[in-house]
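As provided, protein.tsv (TSV, C-alpha atoms and all ligand atoms) reads as follows.
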chain	number	residue	atom	x	y	z
A	19	MET	CA	156.10	76.71	65.64
A	20	ASN	CA	154.56	73.59	64.15
A	21	PHE	CA	152.66	74.86	61.16
A	22	THR	CA	151.39	73.04	58.06
A	23	LEU	CA	149.22	74.37	55.29
A	24	PRO	CA	146.73	72.26	53.34
A	25	SER	CA	147.67	71.42	49.73
A	26	ILE	CA	147.07	74.04	47.05
A	27	ALA	CA	144.43	71.76	45.50
A	28	GLU	CA	142.52	71.68	48.77
A	29	ILE	CA	142.80	75.43	49.25
A	30	LYS	CA	141.61	76.09	45.70
A	31	LYS	CA	138.55	73.98	46.37
A	32	LYS	CA	137.36	75.48	49.64
A	33	GLY	CA	139.94	77.86	51.06
A	34	ILE	CA	141.69	77.53	54.42
A	35	ASP	CA	139.69	77.10	57.63
A	36	VAL	CA	139.45	79.47	60.59
A	37	LYS	CA	142.10	77.60	62.59
A	38	THR	CA	144.72	77.80	59.84
A	39	ALA	CA	143.85	81.43	59.18
A	40	ARG	CA	144.31	82.27	62.85
A	41	ALA	CA	147.63	80.37	62.99
A	42	ILE	CA	149.01	82.42	60.08
A	43	LEU	CA	148.54	85.60	62.10
A	44	GLU	CA	150.93	84.20	64.74
A	45	LEU	CA	153.70	83.07	62.37
A	46	ASP	CA	157.18	84.51	62.58
A	47	GLU	CA	158.40	86.51	59.61
A	48	ASP	CA	160.59	83.76	58.11
A	49	THR	CA	157.87	81.10	58.22
A	50	TYR	CA	155.37	83.52	56.67
A	51	PHE	CA	157.72	84.43	53.81
A	52	GLU	CA	158.82	80.84	53.22
A	53	GLN	CA	155.51	79.00	53.48
A	54	VAL	CA	152.55	81.33	53.17
A	55	MET	CA	153.47	84.07	50.75
A	56	PRO	CA	154.54	81.75	47.88
A	57	LEU	CA	151.22	79.92	48.12
A	58	ALA	CA	149.23	83.17	48.19
A	59	LYS	CA	151.18	84.38	45.17
A	60	GLN	CA	150.51	81.14	43.31
A	61	LEU	CA	146.78	81.28	44.09
A	62	ARG	CA	146.62	84.88	42.94
A	63	PHE	CA	148.35	83.91	39.71
A	64	GLU	CA	146.07	80.93	39.10
A	65	ALA	CA	142.97	83.09	39.53
A	66	PHE	CA	144.08	86.24	37.75
A	67	GLY	CA	147.16	85.48	35.66
A	68	ASN	CA	149.13	88.64	34.98
A	69	GLU	CA	146.13	90.95	35.26
A	70	VAL	CA	145.48	93.55	37.94
A	71	SER	CA	142.67	96.05	38.40
A	72	PHE	CA	142.99	99.62	39.56
A	73	CYS	CA	140.11	101.28	41.27
A	74	THR	CA	139.82	105.04	41.57
A	75	ILE	CA	137.33	107.00	43.62
A	76	THR	CA	135.94	110.47	43.84
A	77	ASN	CA	134.65	111.94	47.05
A	78	ALA	CA	131.55	113.39	45.39
A	79	LYS	CA	129.97	114.70	48.59
A	80	SER	CA	132.08	115.28	51.65
A	81	GLY	CA	131.66	115.70	55.39
A	82	ALA	CA	128.71	116.79	57.56
A	83	CYS	CA	127.64	113.20	58.14
A	84	ILE	CA	125.39	112.52	61.13
A	85	GLU	CA	126.68	108.95	61.56
A	86	ASP	CA	129.40	108.25	64.13
A	87	CYS	CA	131.81	105.80	62.46
A	88	GLY	CA	134.84	106.07	64.73
A	89	PHE	CA	137.41	105.95	61.92
A	90	CYS	CA	135.86	108.66	59.79
A	91	ALA	CA	136.90	112.29	59.62
A	92	GLN	CA	133.70	113.10	57.73
A	93	SER	CA	131.47	112.51	60.73
A	94	ALA	CA	130.00	115.76	62.09
A	95	ASN	CA	130.32	114.17	65.55
A	96	TYR	CA	134.08	114.72	65.51
A	97	LYS	CA	134.39	118.46	65.34
A	98	GLN	CA	138.17	118.43	65.70
A	99	ALA	CA	138.61	116.18	62.64
A	100	PRO	CA	139.62	118.30	59.65
A	101	SER	CA	137.67	117.25	56.58
A	102	PRO	CA	136.32	119.21	53.63
A	103	VAL	CA	132.56	119.79	53.67
A	104	TYR	CA	130.70	120.24	50.38
A	105	PRO	CA	127.41	119.10	48.82
A	106	LEU	CA	127.11	116.61	45.96
A	107	LEU	CA	129.18	117.64	42.92
A	108	THR	CA	127.40	118.22	39.62
A	109	ALA	CA	127.19	115.37	37.11
A	110	GLU	CA	129.54	117.34	34.82
A	111	LYS	CA	132.17	117.65	37.56
A	112	ILE	CA	131.92	113.93	38.38
A	113	LEU	CA	132.33	113.12	34.67
A	114	GLU	CA	135.38	115.35	34.48
A	115	GLN	CA	136.93	113.47	37.42
A	116	ALA	CA	136.09	110.12	35.81
A	117	LYS	CA	137.92	111.15	32.64
A	118	GLU	CA	140.89	112.21	34.72
A	119	ALA	CA	140.83	108.84	36.53
A	120	GLU	CA	140.84	107.04	33.18
A	121	SER	CA	143.75	109.16	31.98
A	122	ILE	CA	145.89	108.08	34.97
A	123	GLY	CA	145.21	104.38	34.38
A	124	GLY	CA	142.07	103.67	36.40
A	125	THR	CA	139.90	100.82	35.15
A	126	GLU	CA	137.04	101.26	37.58
A	127	PHE	CA	135.63	104.52	38.89
A	128	SER	CA	133.66	104.72	42.10
A	129	ILE	CA	131.54	107.67	43.15
A	130	VAL	CA	131.53	107.91	46.92
A	131	THR	CA	129.32	110.16	49.03
A	132	SER	CA	129.31	110.87	52.74
A	133	GLY	CA	126.20	110.23	54.79
A	134	ARG	CA	123.89	107.42	55.81
A	135	GLY	CA	122.46	107.20	52.28
A	136	MET	CA	121.06	109.28	49.42
A	137	ASN	CA	118.61	111.52	51.19
A	138	LYS	CA	117.21	113.63	48.38
A	139	GLN	CA	115.70	112.63	45.06
A	140	ARG	CA	117.72	115.47	43.52
A	141	GLU	CA	120.95	113.74	44.59
A	142	LEU	CA	119.87	110.50	43.00
A	143	ASP	CA	119.00	112.32	39.75
A	144	THR	CA	122.55	113.73	39.69
A	145	MET	CA	124.01	110.27	40.26
A	146	VAL	CA	121.95	108.76	37.46
A	147	ASP	CA	123.03	111.56	35.14
A	148	ALA	CA	126.71	111.15	36.10
A	149	ILE	CA	126.69	107.37	35.59
A	150	THR	CA	124.94	107.67	32.23
A	151	GLN	CA	127.53	110.16	30.99
A	152	ILE	CA	130.50	108.14	32.30
A	153	ARG	CA	129.16	105.05	30.54
A	154	GLN	CA	128.76	107.00	27.31
A	155	GLN	CA	132.05	108.88	27.36
A	156	THR	CA	134.62	106.57	28.97
A	157	ASP	CA	135.57	102.88	29.09
A	158	LEU	CA	135.52	102.88	32.87
A	159	GLU	CA	133.48	100.42	34.85
A	160	THR	CA	131.18	102.38	37.14
A	161	CYS	CA	130.69	101.86	40.82
A	162	ALA	CA	129.08	103.87	43.59
A	163	SER	CA	129.25	103.89	47.35
A	164	LEU	CA	126.28	105.86	48.60
A	165	GLY	CA	125.58	104.31	51.97
A	166	LEU	CA	122.50	102.35	52.99
A	167	MET	CA	120.13	102.04	50.01
A	168	GLN	CA	116.56	101.14	49.09
A	169	ARG	CA	115.66	98.84	46.20
A	170	GLU	CA	113.98	101.55	44.05
A	171	ASP	CA	117.01	103.84	44.23
A	172	LEU	CA	119.45	101.05	43.41
A	173	GLN	CA	117.25	100.09	40.47
A	174	ARG	CA	117.57	103.58	38.97
A	175	LEU	CA	121.37	103.34	39.18
A	176	LYS	CA	121.29	99.90	37.61
A	177	ASP	CA	119.12	101.15	34.75
A	178	ALA	CA	121.66	103.93	34.17
A	179	GLY	CA	124.35	101.26	33.60
A	180	MET	CA	126.08	101.04	36.93
A	181	ILE	CA	127.88	97.70	37.26
A	182	HIS	CA	129.24	97.62	40.80
A	183	TYR	CA	127.84	98.70	44.13
A	184	HIS	CA	130.24	99.21	46.99
A	185	HIS	CA	129.27	98.95	50.63
A	186	ASN	CA	131.57	97.95	53.46
A	187	ILE	CA	130.61	96.00	56.56
A	188	GLU	CA	133.67	97.72	58.11
A	189	THR	CA	134.64	95.09	60.70
A	190	ALA	CA	133.61	91.89	62.48
A	191	ARG	CA	130.03	91.75	63.70
A	192	SER	CA	131.21	91.33	67.31
A	193	TYR	CA	133.38	94.46	67.12
A	194	PHE	CA	131.06	96.71	65.09
A	195	PRO	CA	129.37	98.39	68.11
A	196	LYS	CA	132.80	99.63	69.23
A	197	VAL	CA	133.22	101.36	65.85
A	198	VAL	CA	129.71	102.59	64.98
A	199	THR	CA	126.66	103.12	67.20
A	200	SER	CA	124.40	105.13	64.85
A	201	HIS	CA	123.55	102.14	62.67
A	202	THR	CA	124.03	98.39	62.92
A	203	TRP	CA	126.20	95.78	61.24
A	204	GLU	CA	122.99	94.05	60.16
A	205	GLU	CA	121.88	97.20	58.28
A	206	GLU	CA	125.20	97.21	56.42
A	207	VAL	CA	124.74	93.57	55.47
A	208	GLN	CA	121.15	94.22	54.32
A	209	THR	CA	122.33	96.78	51.76
A	210	VAL	CA	125.04	94.43	50.50
A	211	THR	CA	122.57	91.55	50.23
A	212	LEU	CA	120.04	93.72	48.40
A	213	ALA	CA	122.64	94.91	45.87
A	214	LYS	CA	123.68	91.29	45.31
A	215	GLU	CA	120.11	90.15	44.83
A	216	MET	CA	119.59	92.90	42.25
A	217	GLY	CA	122.49	91.65	40.17
A	218	PHE	CA	125.15	94.25	40.94
A	219	GLU	CA	128.74	93.13	41.16
A	220	VAL	CA	129.14	93.79	44.84
A	221	CYS	CA	132.27	95.19	46.38
A	222	CYS	CA	132.31	94.75	50.15
A	223	GLY	CA	135.12	94.86	52.68
A	224	GLY	CA	136.25	96.96	55.57
A	225	ILE	CA	139.11	98.29	57.65
A	226	MET	CA	141.68	96.43	59.73
A	227	GLY	CA	143.52	97.95	62.66
A	228	MET	CA	140.61	99.67	64.41
A	229	GLY	CA	141.35	98.10	67.79
A	230	GLU	CA	139.83	94.70	66.98
A	231	ASN	CA	141.75	91.67	68.22
A	232	LYS	CA	143.16	88.92	66.01
A	233	ASP	CA	140.17	86.64	66.56
A	234	GLN	CA	137.93	89.45	65.37
A	235	ARG	CA	140.10	89.97	62.29
A	236	ILE	CA	139.54	86.34	61.41
A	237	GLU	CA	135.82	86.63	62.27
A	238	PHE	CA	135.58	89.57	59.85
A	239	ILE	CA	137.34	87.67	57.05
A	240	PHE	CA	135.08	84.65	57.38
A	241	GLN	CA	131.95	86.83	57.63
A	242	LEU	CA	133.00	88.39	54.32
A	243	LYS	CA	133.46	84.91	52.91
A	244	GLU	CA	129.89	84.09	53.93
A	245	ILE	CA	128.54	87.31	52.39
A	246	ASP	CA	130.40	86.27	49.23
A	247	PRO	CA	130.92	89.64	47.51
A	248	ASP	CA	132.47	89.80	44.04
A	249	SER	CA	135.35	91.90	45.22
A	250	ILE	CA	136.81	92.93	48.54
A	251	PRO	CA	138.39	96.28	49.31
A	252	LEU	CA	140.77	95.91	52.23
A	253	ASN	CA	141.74	99.08	54.08
A	254	PHE	CA	144.20	99.51	56.92
A	255	LEU	CA	143.38	102.22	59.41
A	256	ASN	CA	145.14	105.49	58.73
A	257	PRO	CA	144.20	107.21	61.99
A	258	ARG	CA	142.63	110.61	61.42
A	259	PRO	CA	143.29	113.40	63.89
A	260	GLY	CA	140.21	114.39	65.85
A	261	THR	CA	138.48	111.00	65.52
A	262	PRO	CA	138.18	108.50	68.40
A	263	MET	CA	140.77	106.35	66.61
A	264	ALA	CA	143.33	109.14	66.22
A	265	GLU	CA	145.91	107.39	68.41
A	266	LEU	CA	145.50	103.82	67.14
A	267	HIS	CA	148.55	102.24	65.51
A	268	ASP	CA	147.74	98.54	65.75
A	269	LEU	CA	149.26	97.00	62.63
A	270	THR	CA	152.82	96.22	61.65
A	271	PRO	CA	153.73	95.96	57.93
A	272	LEU	CA	154.05	92.18	58.43
A	273	ASP	CA	150.56	92.02	60.00
A	274	CYS	CA	149.19	93.70	56.86
A	275	LEU	CA	150.90	91.23	54.50
A	276	LYS	CA	149.63	88.31	56.56
A	277	LEU	CA	146.06	89.67	56.47
A	278	ILE	CA	146.21	90.02	52.69
A	279	SER	CA	147.47	86.43	52.41
A	280	VAL	CA	144.87	85.06	54.81
A	281	MET	CA	142.18	86.68	52.67
A	282	ARG	CA	143.66	85.17	49.51
A	283	LEU	CA	143.95	81.73	51.10
A	284	ALA	CA	140.44	81.90	52.59
A	285	MET	CA	138.88	83.14	49.33
A	286	PRO	CA	141.22	81.99	46.55
A	287	GLN	CA	139.18	83.34	43.61
A	288	LYS	CA	138.04	86.69	44.97
A	289	GLU	CA	139.11	90.09	43.70
A	290	LEU	CA	141.07	91.67	46.53
A	291	PHE	CA	141.86	95.37	46.35
A	292	ILE	CA	144.25	97.01	48.77
A	293	CYS	CA	142.96	100.49	49.46
A	294	GLY	CA	143.23	103.18	52.11
A	295	GLY	CA	146.08	103.17	54.59
A	296	LYS	CA	148.39	100.95	52.56
A	297	GLU	CA	151.17	103.52	52.44
A	298	VAL	CA	151.34	104.24	56.18
A	299	ASN	CA	150.75	100.66	57.30
A	300	LEU	CA	152.65	98.54	54.78
A	301	GLN	CA	155.62	100.89	54.59
A	302	GLN	CA	158.65	98.94	53.25
A	303	TYR	CA	156.41	96.01	52.23
A	304	GLN	CA	154.08	98.06	50.04
A	305	ASP	CA	155.46	96.59	46.82
A	306	LEU	CA	154.71	93.06	48.07
A	307	ILE	CA	150.91	93.33	48.09
A	308	TYR	CA	150.56	91.28	44.89
A	309	ASP	CA	152.94	88.59	46.12
A	310	ALA	CA	150.85	88.47	49.30
A	311	GLY	CA	147.74	87.80	47.23
A	312	ALA	CA	146.14	91.11	46.21
A	313	SER	CA	144.62	91.28	42.74
A	314	GLY	CA	144.32	95.05	42.58
A	315	ALA	CA	144.73	98.34	44.34
A	316	MET	CA	143.15	101.69	44.69
A	317	ILE	CA	145.15	104.37	42.96
A	318	GLY	CA	145.03	108.13	43.34
A	319	ASN	CA	143.71	109.70	46.50
A	320	TYR	CA	141.43	108.14	49.09
A	321	LEU	CA	138.44	109.92	50.61
A	322	THR	CA	140.20	112.12	53.11
A	323	THR	CA	143.84	111.08	52.73
A	324	GLN	CA	146.43	111.08	49.96
A	325	GLY	CA	147.56	107.87	48.29
A	326	ARG	CA	150.81	106.98	46.54
A	327	SER	CA	150.91	108.55	43.07
A	328	PRO	CA	149.18	106.58	40.30
A	329	GLU	CA	152.44	106.71	38.34
A	330	GLN	CA	154.22	104.81	41.13
A	331	GLU	CA	151.45	102.22	41.31
A	332	LEU	CA	151.42	101.72	37.54
A	333	ALA	CA	155.22	101.59	37.40
A	334	LEU	CA	155.18	98.82	40.01
A	335	ALA	CA	152.55	96.87	38.07
A	336	LYS	CA	154.63	97.25	34.92
A	337	LYS	CA	157.80	96.15	36.69
A	338	LEU	CA	155.98	93.03	37.89
A	339	GLY	CA	154.69	92.32	34.37
A	340	PHE	CA	151.03	93.01	35.14
A	341	LYS	CA	148.40	94.23	32.72
A	342	PRO	CA	145.68	96.52	34.14
A	343	VAL	CA	142.10	95.49	33.28
A	344	GLY	CA	138.62	96.30	34.62
A	345	PRO	CA	137.52	93.64	37.10
A	346	HIS	CA	134.29	93.03	35.18
A	347	GLN	CA	136.14	92.32	31.94
A	348	ARG	CA	138.78	90.22	33.59
A	349	ALA	CA	139.14	86.90	31.90
A	350	LYS	CA	139.98	84.75	34.86
A	351	ALA	CA	142.88	82.51	34.08
A	352	SER	CA	141.23	79.82	36.13
A	353	ALA	CA	137.87	80.03	34.29
A	401	LIG	S1	131.92	106.28	57.01
A	401	LIG	FE1	130.22	107.16	55.81
A	401	LIG	S2	128.46	106.91	57.16
A	401	LIG	FE2	130.25	106.67	58.48
A	401	LIG	S3	130.66	108.75	59.31
A	401	LIG	FE3	131.90	108.50	57.46
A	401	LIG	S4	130.66	109.38	55.81
A	401	LIG	FE4	129.30	108.97	57.55
Could you show the structure in this file as structure tokens?
Amino acid sequence: MNFTLPSIAEIKKKGIDVKTARAILELDEDTYFEQVMPLAKQLRFEAFGNEVSFCTITNAKSGACIEDCGFCAQSANYKQAPSPVYPLLTAEKILEQAKEAESIGGTEFSIVTSGRGMNKQRELDTMVDAITQIRQQTDLETCASLGLMQREDLQRLKDAGMIHYHHNIETARSYFPKVVTSHTWEEEVQTVTLAKEMGFEVCCGGIMGMGENKDQRIEFIFQLKEIDPDSIPLNFLNPRPGTPMAELHDLTPLDCLKLISVMRLAMPQKELFICGGKEVNLQQYQDLIYDAGASGAMIGNYLTTQGRSPEQELALAKKLGFKPVGPHQRAKASA
């Protein structure tokens, strides 16, 4: 295949274009490893030096969600999907989990809740209390992922000291209706835009391997580029029994590496975290995520699935000579 990449100087300035990104997804393994991965690795190094960030999450309120996201075991629409159901944890319990996350090497702690958004003032009070205590009692950077949000509620979290807000757009705009019908892609983007406007460091990404085609994968990546979040969590579908996507196995380990690299080459300076589904999808290539362009990973467990142990993740980072730092404090080598 006749394939040429732009120079690293050009890529650093504006990233690769859609055509080059799409071509990378078709490359054979040798060409990818010889031409693309070294460049992605170099760009990652130029932006982040030897630093990596590790995000940890707590599932602070689980299940019983009325939304119908096709990948999610927490949706009440999928009665056969096994998922724990419990109301919002107390602020003390969330603090306890934050301290545990810090003790295993986490640098950022995200409080995630199921549901369309915070639906009771009481829940928001608990969140504000939890964030205040985490800020006072740990060195963790705080983040929350609470669904679609209003300005007043986000403001209370900001006043409590929350730095990051996480909200995924999940997939390409053109494919979104095949994944979710109970809310729109535009509503997702509105929340992200609002959080950005309000000065949060915004973390926004999605999930690959949900049945979208390669053009839609590229569409999703370039829509993220347009949204311009501060960091991007990239998940690979880990199909959950009982959900409409239970039988989907769309990605090879090489596909996953290529997608990481395309993201790095399209957005050379962005934080890129590899999150849910990395173990089952990347398999033998799991240790290559940083060479492919990732600048961080989620450690510990995901929302409804288990991750690789934090010790393994930290051991890998150590072996590669990386130093874990919070993304907010990261002194970019390129700055
Ligand atoms: S992803 Fe969030 S909003 Fe969608 S079903 Fe799951 S918990 Fe509900």
>> Please compute the atom S4 of ligand LIG 401 (chain A)-atom CA of A:Gly294 distance, one decimal, in Å.
In response: 14.5 Å
Please, which residues have at least one atom within 8 Å of an atom of ligand LIG 401 (chain A), using all atoms listed in the file, listed as a PDB file with C-alpha atoms, in the coordinates of the input?
ATOM      1  CA  SER A  80     132.080 115.280  51.650  1.00  0.00           C
ATOM      2  CA  GLY A  81     131.660 115.700  55.390  1.00  0.00           C
ATOM      3  CA  ALA A  82     128.710 116.790  57.560  1.00  0.00           C
ATOM      4  CA  CYS A  83     127.640 113.200  58.140  1.00  0.00           C
ATOM      5  CA  ILE A  84     125.390 112.520  61.130  1.00  0.00           C
ATOM      6  CA  GLU A  85     126.680 108.950  61.560  1.00  0.00           C
ATOM      7  CA  ASP A  86     129.400 108.250  64.130  1.00  0.00           C
ATOM      8  CA  CYS A  87     131.810 105.800  62.460  1.00  0.00           C
ATOM      9  CA  GLY A  88     134.840 106.070  64.730  1.00  0.00           C
ATOM     10  CA  PHE A  89     137.410 105.950  61.920  1.00  0.00           C
ATOM     11  CA  CYS A  90     135.860 108.660  59.790  1.00  0.00           C
ATOM     12  CA  ALA A  91     136.900 112.290  59.620  1.00  0.00           C
ATOM     13  CA  GLN A  92     133.700 113.100  57.730  1.00  0.00           C
ATOM     14  CA  SER A  93     131.470 112.510  60.730  1.00  0.00           C
ATOM     15  CA  ALA A  94     130.000 115.760  62.090  1.00  0.00           C
ATOM     16  CA  THR A 131     129.320 110.160  49.030  1.00  0.00           C
ATOM     17  CA  SER A 132     129.310 110.870  52.740  1.00  0.00           C
ATOM     18  CA  GLY A 133     126.200 110.230  54.790  1.00  0.00           C
ATOM     19  CA  ARG A 134     123.890 107.420  55.810  1.00  0.00           C
ATOM     20  CA  GLY A 135     122.460 107.200  52.280  1.00  0.00           C
ATOM     21  CA  GLY A 165     125.580 104.310  51.970  1.00  0.00           C
ATOM     22  CA  VAL A 198     129.710 102.590  64.980  1.00  0.00           C
TER      23      VAL A 198
END
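As for atom CA of A:Ala335 and atom CA of A:Leu283, they are spaced 21.7 Å apart.
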>> Using only C-alpha atoms, can you tell me which of A:Leu175, A:Lys111, A:Thr189, A:Phe72 comes closest to A:Glu237?
In response: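 With only C-alpha atoms as the atom set, the closest residue is A:Thr189.
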> So which residues are close to (122.1, 92.3, 44.2), meaning at most 10 Å away in the file's coordinates with all atoms listed in the file counted, and can you show them as an MDAnalysis selection string?
Replying inline: chainID A and resid 169 172:173 182:183 209:220 247
>> Taking 2 positions as the minimum chain separation for residues in the same chain, which residues sit within 10 Å of A:Glu141 when counting only C-alpha atoms? Answer as number ranges by chain.
In response: A: 79, 105-109, 136-139, 143-147
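The space between atom CA of A:Tyr308 and atom CA of A:Glu244 spans 23.7 Å.
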>> Set the distance at 8 Å and use only C-alpha atoms: which residues neighbour stretch 338-341 of chain A once local chain neighbours fewer than 4 positions away are removed? I'd like the list as a ChimeraX atom specification.
In response: /A:68-70,334
>> List as a list of chain:residue names the protein and nucleic acid residues near A:Ile239, meaning an atom at most 8 Å away when all atoms listed in the file are counted, but skip any in the same chain fewer than 3 places from it.
In response: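 Result of the neighbour search: A:Ala190, A:Arg235, A:Ile236, A:Leu242, A:Lys243, A:Met281, A:Ala284.
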Residue selection dump (C-alpha atoms) as a PDB file, keeping the file's coordinate frame:
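File produced: selection17.pdb:
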ATOM      1  CA  ALA A 190     133.610  91.890  62.480  1.00  0.00           C
ATOM      2  CA  ARG A 235     140.100  89.970  62.290  1.00  0.00           C
ATOM      3  CA  ILE A 236     139.540  86.340  61.410  1.00  0.00           C
ATOM      4  CA  LEU A 242     133.000  88.390  54.320  1.00  0.00           C
ATOM      5  CA  LYS A 243     133.460  84.910  52.910  1.00  0.00           C
ATOM      6  CA  MET A 281     142.180  86.680  52.670  1.00  0.00           C
ATOM      7  CA  ALA A 284     140.440  81.900  52.590  1.00  0.00           C
TER       8      ALA A 284
END
>> Can you pull out the residues contacting A:Lys30? Cut-off 10 Å, using all atoms listed in the file, and skip same-chain residues under 6 positions away; I want them as a ChimeraX atom specification.
In response: /A:24,61,64-65,283-287
Since the input is missing atoms for stretch 278-293 of chain A, could you rebuild it with N, CA, C and O atoms and give the result as a short mmCIF file (atom, residue, chain, number, x, y, z; two decimals), keeping the file's coordinate frame?
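part-v9.cif, freshly written:
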data_model
loop_
_atom_site.label_atom_id
_atom_site.label_comp_id
_atom_site.auth_asym_id
_atom_site.auth_seq_id
_atom_site.Cartn_x
_atom_site.Cartn_y
_atom_site.Cartn_z
N ILE A 278 146.49 90.13 54.13
CA ILE A 278 146.21 90.02 52.69
C ILE A 278 146.26 88.53 52.30
O ILE A 278 145.40 88.01 51.60
N SER A 279 147.30 87.85 52.78
CA SER A 279 147.47 86.43 52.41
C SER A 279 146.36 85.56 52.99
O SER A 279 145.86 84.65 52.32
N VAL A 280 145.96 85.85 54.22
CA VAL A 280 144.87 85.06 54.81
C VAL A 280 143.61 85.24 53.97
O VAL A 280 142.89 84.27 53.68
N MET A 281 143.37 86.46 53.52
CA MET A 281 142.18 86.68 52.67
C MET A 281 142.30 85.89 51.36
O MET A 281 141.33 85.30 50.90
N ARG A 282 143.47 85.92 50.77
CA ARG A 282 143.66 85.17 49.51
C ARG A 282 143.47 83.67 49.75
O ARG A 282 142.84 82.99 48.95
N LEU A 283 144.04 83.17 50.84
CA LEU A 283 143.95 81.73 51.10
C LEU A 283 142.53 81.32 51.53
O LEU A 283 142.11 80.19 51.28
N ALA A 284 141.81 82.24 52.17
CA ALA A 284 140.44 81.90 52.59
C ALA A 284 139.48 81.99 51.41
O ALA A 284 138.49 81.28 51.36
N MET A 285 139.78 82.92 50.49
CA MET A 285 138.88 83.14 49.33
C MET A 285 139.73 83.20 48.06
O MET A 285 139.97 84.27 47.51
N PRO A 286 140.19 82.02 47.60
CA PRO A 286 141.22 81.99 46.55
C PRO A 286 140.85 82.69 45.24
O PRO A 286 141.72 83.19 44.55
N GLN A 287 139.55 82.75 44.92
CA GLN A 287 139.18 83.34 43.61
C GLN A 287 138.67 84.77 43.68
O GLN A 287 138.26 85.33 42.68
N LYS A 288 138.65 85.36 44.84
CA LYS A 288 138.04 86.69 44.97
C LYS A 288 138.97 87.82 44.54
O LYS A 288 140.17 87.79 44.84
N GLU A 289 138.38 88.84 43.92
CA GLU A 289 139.11 90.09 43.70
C GLU A 289 139.45 90.68 45.06
O GLU A 289 138.56 90.77 45.92
N LEU A 290 140.68 91.07 45.25
CA LEU A 290 141.07 91.67 46.53
C LEU A 290 141.86 92.95 46.26
O LEU A 290 142.98 92.90 45.76
N PHE A 291 141.23 94.07 46.58
CA PHE A 291 141.86 95.37 46.35
C PHE A 291 142.46 95.89 47.66
O PHE A 291 141.79 95.87 48.68
N ILE A 292 143.66 96.38 47.58
CA ILE A 292 144.25 97.01 48.77
C ILE A 292 144.05 98.52 48.62
O ILE A 292 144.47 99.12 47.63
N CYS A 293 143.42 99.10 49.62
CA CYS A 293 142.96 100.49 49.46
C CYS A 293 143.58 101.41 50.51
O CYS A 293 144.79 101.42 50.66
#
